[in-house]
Amino acid sequence: MKFLDLPLDKRIIQAIDELGYTTPTPIQIQAIPPALEGRDILGTAQTGTGKTCAFAVPILHRLENNVQISIHNAQLKGKSNKRPLRALILTPTRELAIQIDESFEKYGRFMPLKTGLVMGGVSAVNQIKSMTGGVDILTATPGRFIDLVWQGHIDPTTVEIFVLDEADRMLDMGFLPDVKRVVEFLPKVRQTLFFSATMPPEVKKLTDTLLINPVRVAVAPVSATADRIEQWVMMTDKVNKIELLAWALKQIPPRSSTLVFTRTKHGADKLCRKLTLAGIRCRAIHGDKSQGARQDALDCFKQGKVGVLVATDIAARGIDIDGIAYVFNFELPNEPETYVHRIGRTGRAGREGVAVSLCDIDETKYLADIEKLIGKKVPVEQNHPYTMKNFEPTKKEAKKARPPRRRK
C-alpha cells in the first residue's frame, strides 16, 4: 500500500510526498482507515513506528473536510466568533508535545487549519497570545492545559477528537489523575484515539472508560527490538565507566549523532562535565533543566553543533531525532522495557543503528532481565581497555567480541 492509496485530502498527500514518505508503516496502515471513519482507536506500538502520523493525518483530513460538521455546528451554538478548539492531543512531555505540534504543521502545511501548543516549564504568556482568535488543533501537556482551562483561556467543550499519546508514560509520571480531570472537561460525544507502548492494569482500566467499541491496533510488542539495531554490551568495573565511555565515543566515526542515557539527572550533568574534560563536545538534557535549556540542547544536537547528547529517560520515549547513529547506555535501566525504548532512538525509519551498553557487576541482574524480555542474549564485547576484572566471557562470547563497527 502507498499513501496515495489512502482516501486522504490531496493537500495532505502533497505534504507527505514532499517529506519523502511514500509507503505507510504497519501502524499507519492499520490505524488511518478506521480513524478516517471516526472510529475510536486503541493502539499499542513499539517506539519509532510512525504513531504520530497515524493520528495526525486522519485528524487533519476530518477537520478540514468537515466530516463531523453536524457535531461541530451544534457545539458552536451560543459560542463566540473565536475559532473553536476541535482536536486535542495530550502528551506527557514537553519535548514530545513540541515534536507532535511540528508534525501537524508539516502534514497540514497546505491547509488553513491553525495549530497551537501549550506546555509547562515556560511562561504561559506567549502560549496564551498564540491562541488569540482560537486554534483548531492543540497539543498540550496535562498540567498547563488544566491551568489554562481554569483561567478561561481554553474552552474544551468544542473538542471533537481527543488523542491520548504515551498513556503508560502518563502513568509512570503520575499524570493519570490529571488525564482523568481533562477527560471530565471534554464532550461525551467525540472520537478518541488512545496510544500506549505497554498496557499495565491502570492504563487498561482507563481505556475501558474512554473508548467505545475501539479498533485495536497492535504493532511490534514492546519486547521487540528493531532488527536493524546492532546491540553490544561492554562489561567493566564501575570506577572505569566514564573512561570506557570516553574511549568508546572516540572510536566511532566523527560527526556521528550519539545519545547517551543515564539513570539520574545529577548523573547526566556529571557525565557531561567529565566528557567535556575528555575533549568530547556534548550537552545534557533532563527534567530539572528549564524548557529553554532543554530545547537549546536538543537544537544543538539536531543541528550537529554537538555530537553527543546525554539524557535521562525523558528522551527515551517519543523523541524523534533523525539520524541518531549510536545509543549508549552508560547505566542500564532497572526496567527492561526502558532499554527497548532507549535503543529505539536509533535504527529508525528503516536505517541501521548501534546500541552499546556499559555494564558493571551490580547491573548484571538488569542485563539478565533485558535479555529475558527481548528473548536473546546481547553479545559481550571484551575488546576494550577497561574490561571487568571479575568477568570471564564464554568462549562463544569471546569469539564474537569485536569493537563497535565504524559505520559508513
# chains A, B, ... in the order shown; residues from 1 in each chain; ligands from 1
>>> residues_around(residues="Ile12 of chain A", least_positions_apart="4", cutoff="7 Å", atoms="only C-alpha atoms", output="list of chain:residue names")
A:Leu8, A:Ile16, A:Tyr107, A:Gly108
>>> write_last_selection(atoms="N, CA and C atoms", output="PDB file, in the first residue's frame")
ATOM      1  N   LEU A   8      -7.160  10.159   1.367  1.00  0.00           N
ATOM      2  CA  LEU A   8      -6.753  11.368   2.074  1.00  0.00           C
ATOM      3  C   LEU A   8      -6.869  12.594   1.197  1.00  0.00           C
ATOM      4  N   ILE A  16       2.963  15.063   2.444  1.00  0.00           N
ATOM      5  CA  ILE A  16       3.648  13.812   2.760  1.00  0.00           C
ATOM      6  C   ILE A  16       4.667  13.466   1.680  1.00  0.00           C
ATOM      7  N   TYR A 107       2.472  18.128   8.116  1.00  0.00           N
ATOM      8  CA  TYR A 107       1.471  17.384   7.353  1.00  0.00           C
ATOM      9  C   TYR A 107       0.328  18.290   6.871  1.00  0.00           C
ATOM     10  N   GLY A 108       0.070  19.350   7.618  1.00  0.00           N
ATOM     11  CA  GLY A 108      -1.039  20.240   7.262  1.00  0.00           C
ATOM     12  C   GLY A 108      -0.597  21.558   6.679  1.00  0.00           C
TER      13      GLY A 108
END
>>> select_by_dssp(residues="segment 194-250 of chain A", states="helix (DSSP H, G or I)", output="CSV table (one decimal) with N, CA and C atoms, in the first residue's frame")
chain,number,residue,atom,x,y,z
A,201,PRO,N,-2.3,-2.6,34.1
A,201,PRO,CA,-3.7,-2.6,34.5
A,201,PRO,C,-4.4,-1.2,34.6
A,202,GLU,N,-3.6,-0.2,35.2
A,202,GLU,CA,-4.2,1.1,35.4
A,202,GLU,C,-4.6,1.7,34.0
A,203,VAL,N,-3.7,1.5,33.0
A,203,VAL,CA,-3.9,2.1,31.7
A,203,VAL,C,-5.1,1.3,31.0
A,204,LYS,N,-5.1,0.0,31.2
A,204,LYS,CA,-6.2,-0.8,30.6
A,204,LYS,C,-7.5,-0.3,31.2
A,205,LYS,N,-7.6,-0.1,32.5
A,205,LYS,CA,-8.8,0.4,33.1
A,205,LYS,C,-9.3,1.7,32.5
A,206,LEU,N,-8.3,2.6,32.2
A,206,LEU,CA,-8.6,3.9,31.6
A,206,LEU,C,-9.2,3.7,30.2
A,207,THR,N,-8.6,2.8,29.4
A,207,THR,CA,-9.2,2.6,28.1
A,207,THR,C,-10.7,2.2,28.1
A,208,ASP,N,-11.0,1.4,29.1
A,208,ASP,CA,-12.4,0.9,29.2
A,208,ASP,C,-13.4,2.1,29.5
A,209,THR,N,-12.9,3.2,30.1
A,209,THR,CA,-13.8,4.3,30.4
A,209,THR,C,-13.8,5.3,29.3
A,210,LEU,N,-12.7,5.3,28.4
A,210,LEU,CA,-12.6,6.4,27.4
A,210,LEU,C,-13.1,5.9,26.0
A,238,LYS,N,32.7,-0.3,37.8
A,238,LYS,CA,32.0,0.9,37.9
A,238,LYS,C,33.0,2.1,37.9
A,239,VAL,N,34.2,2.0,38.5
A,239,VAL,CA,35.1,3.1,38.6
A,239,VAL,C,35.7,3.5,37.2
A,240,ASN,N,35.6,2.5,36.2
A,240,ASN,CA,36.2,2.8,34.9
A,240,ASN,C,35.1,3.2,33.8
A,241,LYS,N,33.9,3.3,34.3
A,241,LYS,CA,32.8,3.5,33.3
A,241,LYS,C,33.0,4.8,32.4
A,242,ILE,N,33.3,5.9,33.1
A,242,ILE,CA,33.4,7.1,32.4
A,242,ILE,C,34.6,7.1,31.4
A,243,GLU,N,35.7,6.5,31.8
A,243,GLU,CA,36.9,6.3,30.9
A,243,GLU,C,36.5,5.4,29.7
A,244,LEU,N,35.8,4.4,30.0
A,244,LEU,CA,35.4,3.4,28.9
A,244,LEU,C,34.5,4.2,27.9
A,245,LEU,N,33.5,4.9,28.5
A,245,LEU,CA,32.6,5.6,27.6
A,245,LEU,C,33.3,6.6,26.7
A,246,ALA,N,34.2,7.4,27.3
A,246,ALA,CA,35.0,8.4,26.5
A,246,ALA,C,35.8,7.7,25.5
A,247,TRP,N,36.5,6.5,25.8
A,247,TRP,CA,37.2,5.8,24.8
A,247,TRP,C,36.4,5.3,23.7
A,248,ALA,N,35.2,4.7,24.0
A,248,ALA,CA,34.3,4.2,23.0
A,248,ALA,C,33.8,5.3,22.1
A,249,LEU,N,33.5,6.5,22.6
A,249,LEU,CA,33.0,7.6,21.8
A,249,LEU,C,34.0,8.0,20.8
A,250,LYS,N,35.3,7.9,21.2
A,250,LYS,CA,36.4,8.3,20.3
A,250,LYS,C,36.7,7.3,19.2
>>> closest_atom_pairs(of="segment 136-201 of chain A", to="segment 26-36 of chain A", cutoff="12 Å", atoms="only C-alpha atoms", output="JSON lines")
{"residue": "A:Ile161", "atom": "CA", "partner": "A:Ala35", "partner_atom": "CA", "distance": 10.1}
{"residue": "A:Phe162", "atom": "CA", "partner": "A:Ala35", "partner_atom": "CA", "distance": 11.6}
{"residue": "A:Val163", "atom": "CA", "partner": "A:Ala35", "partner_atom": "CA", "distance": 11.2}
{"residue": "A:Gln191", "atom": "CA", "partner": "A:Ala35", "partner_atom": "CA", "distance": 8.5}
{"residue": "A:Thr192", "atom": "CA", "partner": "A:Ala35", "partner_atom": "CA", "distance": 9.2}
{"residue": "A:Leu193", "atom": "CA", "partner": "A:Ala35", "partner_atom": "CA", "distance": 8.0}
{"residue": "A:Phe194", "atom": "CA", "partner": "A:Ala31", "partner_atom": "CA", "distance": 10.9}
{"residue": "A:Phe195", "atom": "CA", "partner": "A:Ala31", "partner_atom": "CA", "distance": 10.7}
>>> residues_around(residues="segment 356-362 of chain A", least_positions_apart="3", cutoff="8 Å", atoms="only C-alpha atoms", output="VMD selection string")
chain A and resid 231 to 238 241 245 326 to 332 365 367 388 404
>>> residues_around(residues="segment 38-46 of chain A", least_positions_apart="6", cutoff="10 Å", atoms="only C-alpha atoms", output="JSON, numbers by chain")
{"A": [26, 27, 30, 31, 32, 54, 55, 58, 59, 62, 67, 68, 161, 162, 163, 164, 165, 166, 167, 190, 191, 192, 193, 194, 195, 196, 197, 198, 199, 207, 210, 211, 212, 213, 214, 215, 216, 217, 218, 219, 220, 221, 222, 223, 224, 225, 226, 317, 340, 341, 344]}
>>> closest_residue(among="A:Ile321, A:Leu60, A:Ala87, A:Met131", to="Pro112 of chain A", atoms="only C-alpha atoms")
A:Leu60
>>> closest_residue(among="A:Ile252, A:Ala15, A:Ile285, A:Met170", to="His266 of chain A", atoms="only C-alpha atoms")
A:Ile285
>>> residues_around(residues="Gly143 of chain A", least_positions_apart="6", cutoff="8 Å", atoms="only C-alpha atoms", output="MDAnalysis selection string")
chainID A and resid 119:120 178
>>> write_last_selection(atoms="N, CA, C and O atoms", output="compact mmCIF listing (two decimals), in the first residue's frame")
# COMPACT_ATOMS: atom_id res chain seq x y z
N MET A 119 2.36 24.04 27.12
CA MET A 119 3.12 23.10 27.95
C MET A 119 3.73 23.86 29.11
O MET A 119 3.92 25.08 29.06
N GLY A 120 4.06 23.13 30.16
CA GLY A 120 4.67 23.74 31.32
C GLY A 120 6.15 23.99 31.11
O GLY A 120 6.71 23.66 30.08
N ASP A 178 -4.53 13.82 36.41
CA ASP A 178 -4.72 14.97 35.54
C ASP A 178 -5.43 14.57 34.24
O ASP A 178 -6.26 15.31 33.72
>>> residues_around(residues="segment 102-105 of chain A", least_positions_apart="6", cutoff="9 Å", atoms="only C-alpha atoms", output="list of chain:residue names")
A:Thr52, A:Cys53, A:Ala56, A:Val57, A:Leu60, A:Lys114, A:Thr115, A:Ile137
>>> select_by_dssp(residues="segment 144-359 of chain A", states="strand (DSSP E)", output="MDAnalysis selection string")
chainID A and resid 161:164 191:196 215:219 229:235 257:261 282:285 308:311 324:329 353:359
>>> closest_residue(among="A:Arg351, A:Arg86, A:Lys188, A:His61", to="Arg228 of chain A", atoms="only C-alpha atoms")
A:Arg351
>>> atom_distance(atom1="atom CA of Thr139 of chain A", atom2="atom CA of Leu117 of chain A")
5.0 Å
>>> residues_around(residues="Val149 of chain A", least_positions_apart="2", cutoff="12 Å", atoms="only C-alpha atoms", output="list in words")
Leu85, Val118, Ile128, Ala140, Pro142, Gly143, Arg144, Phe145, Ile146, Asp147, Gln151, Gly152, His153, Ile154, Asp155, Pro156, Thr157, Arg181, Val182, Glu184, Phe185 and Leu186 of chain A
>>> closest_residue(among="A:Lys180, A:Arg263, A:His384, A:Lys10", to="His286 of chain A", atoms="only C-alpha atoms")
A:Arg263
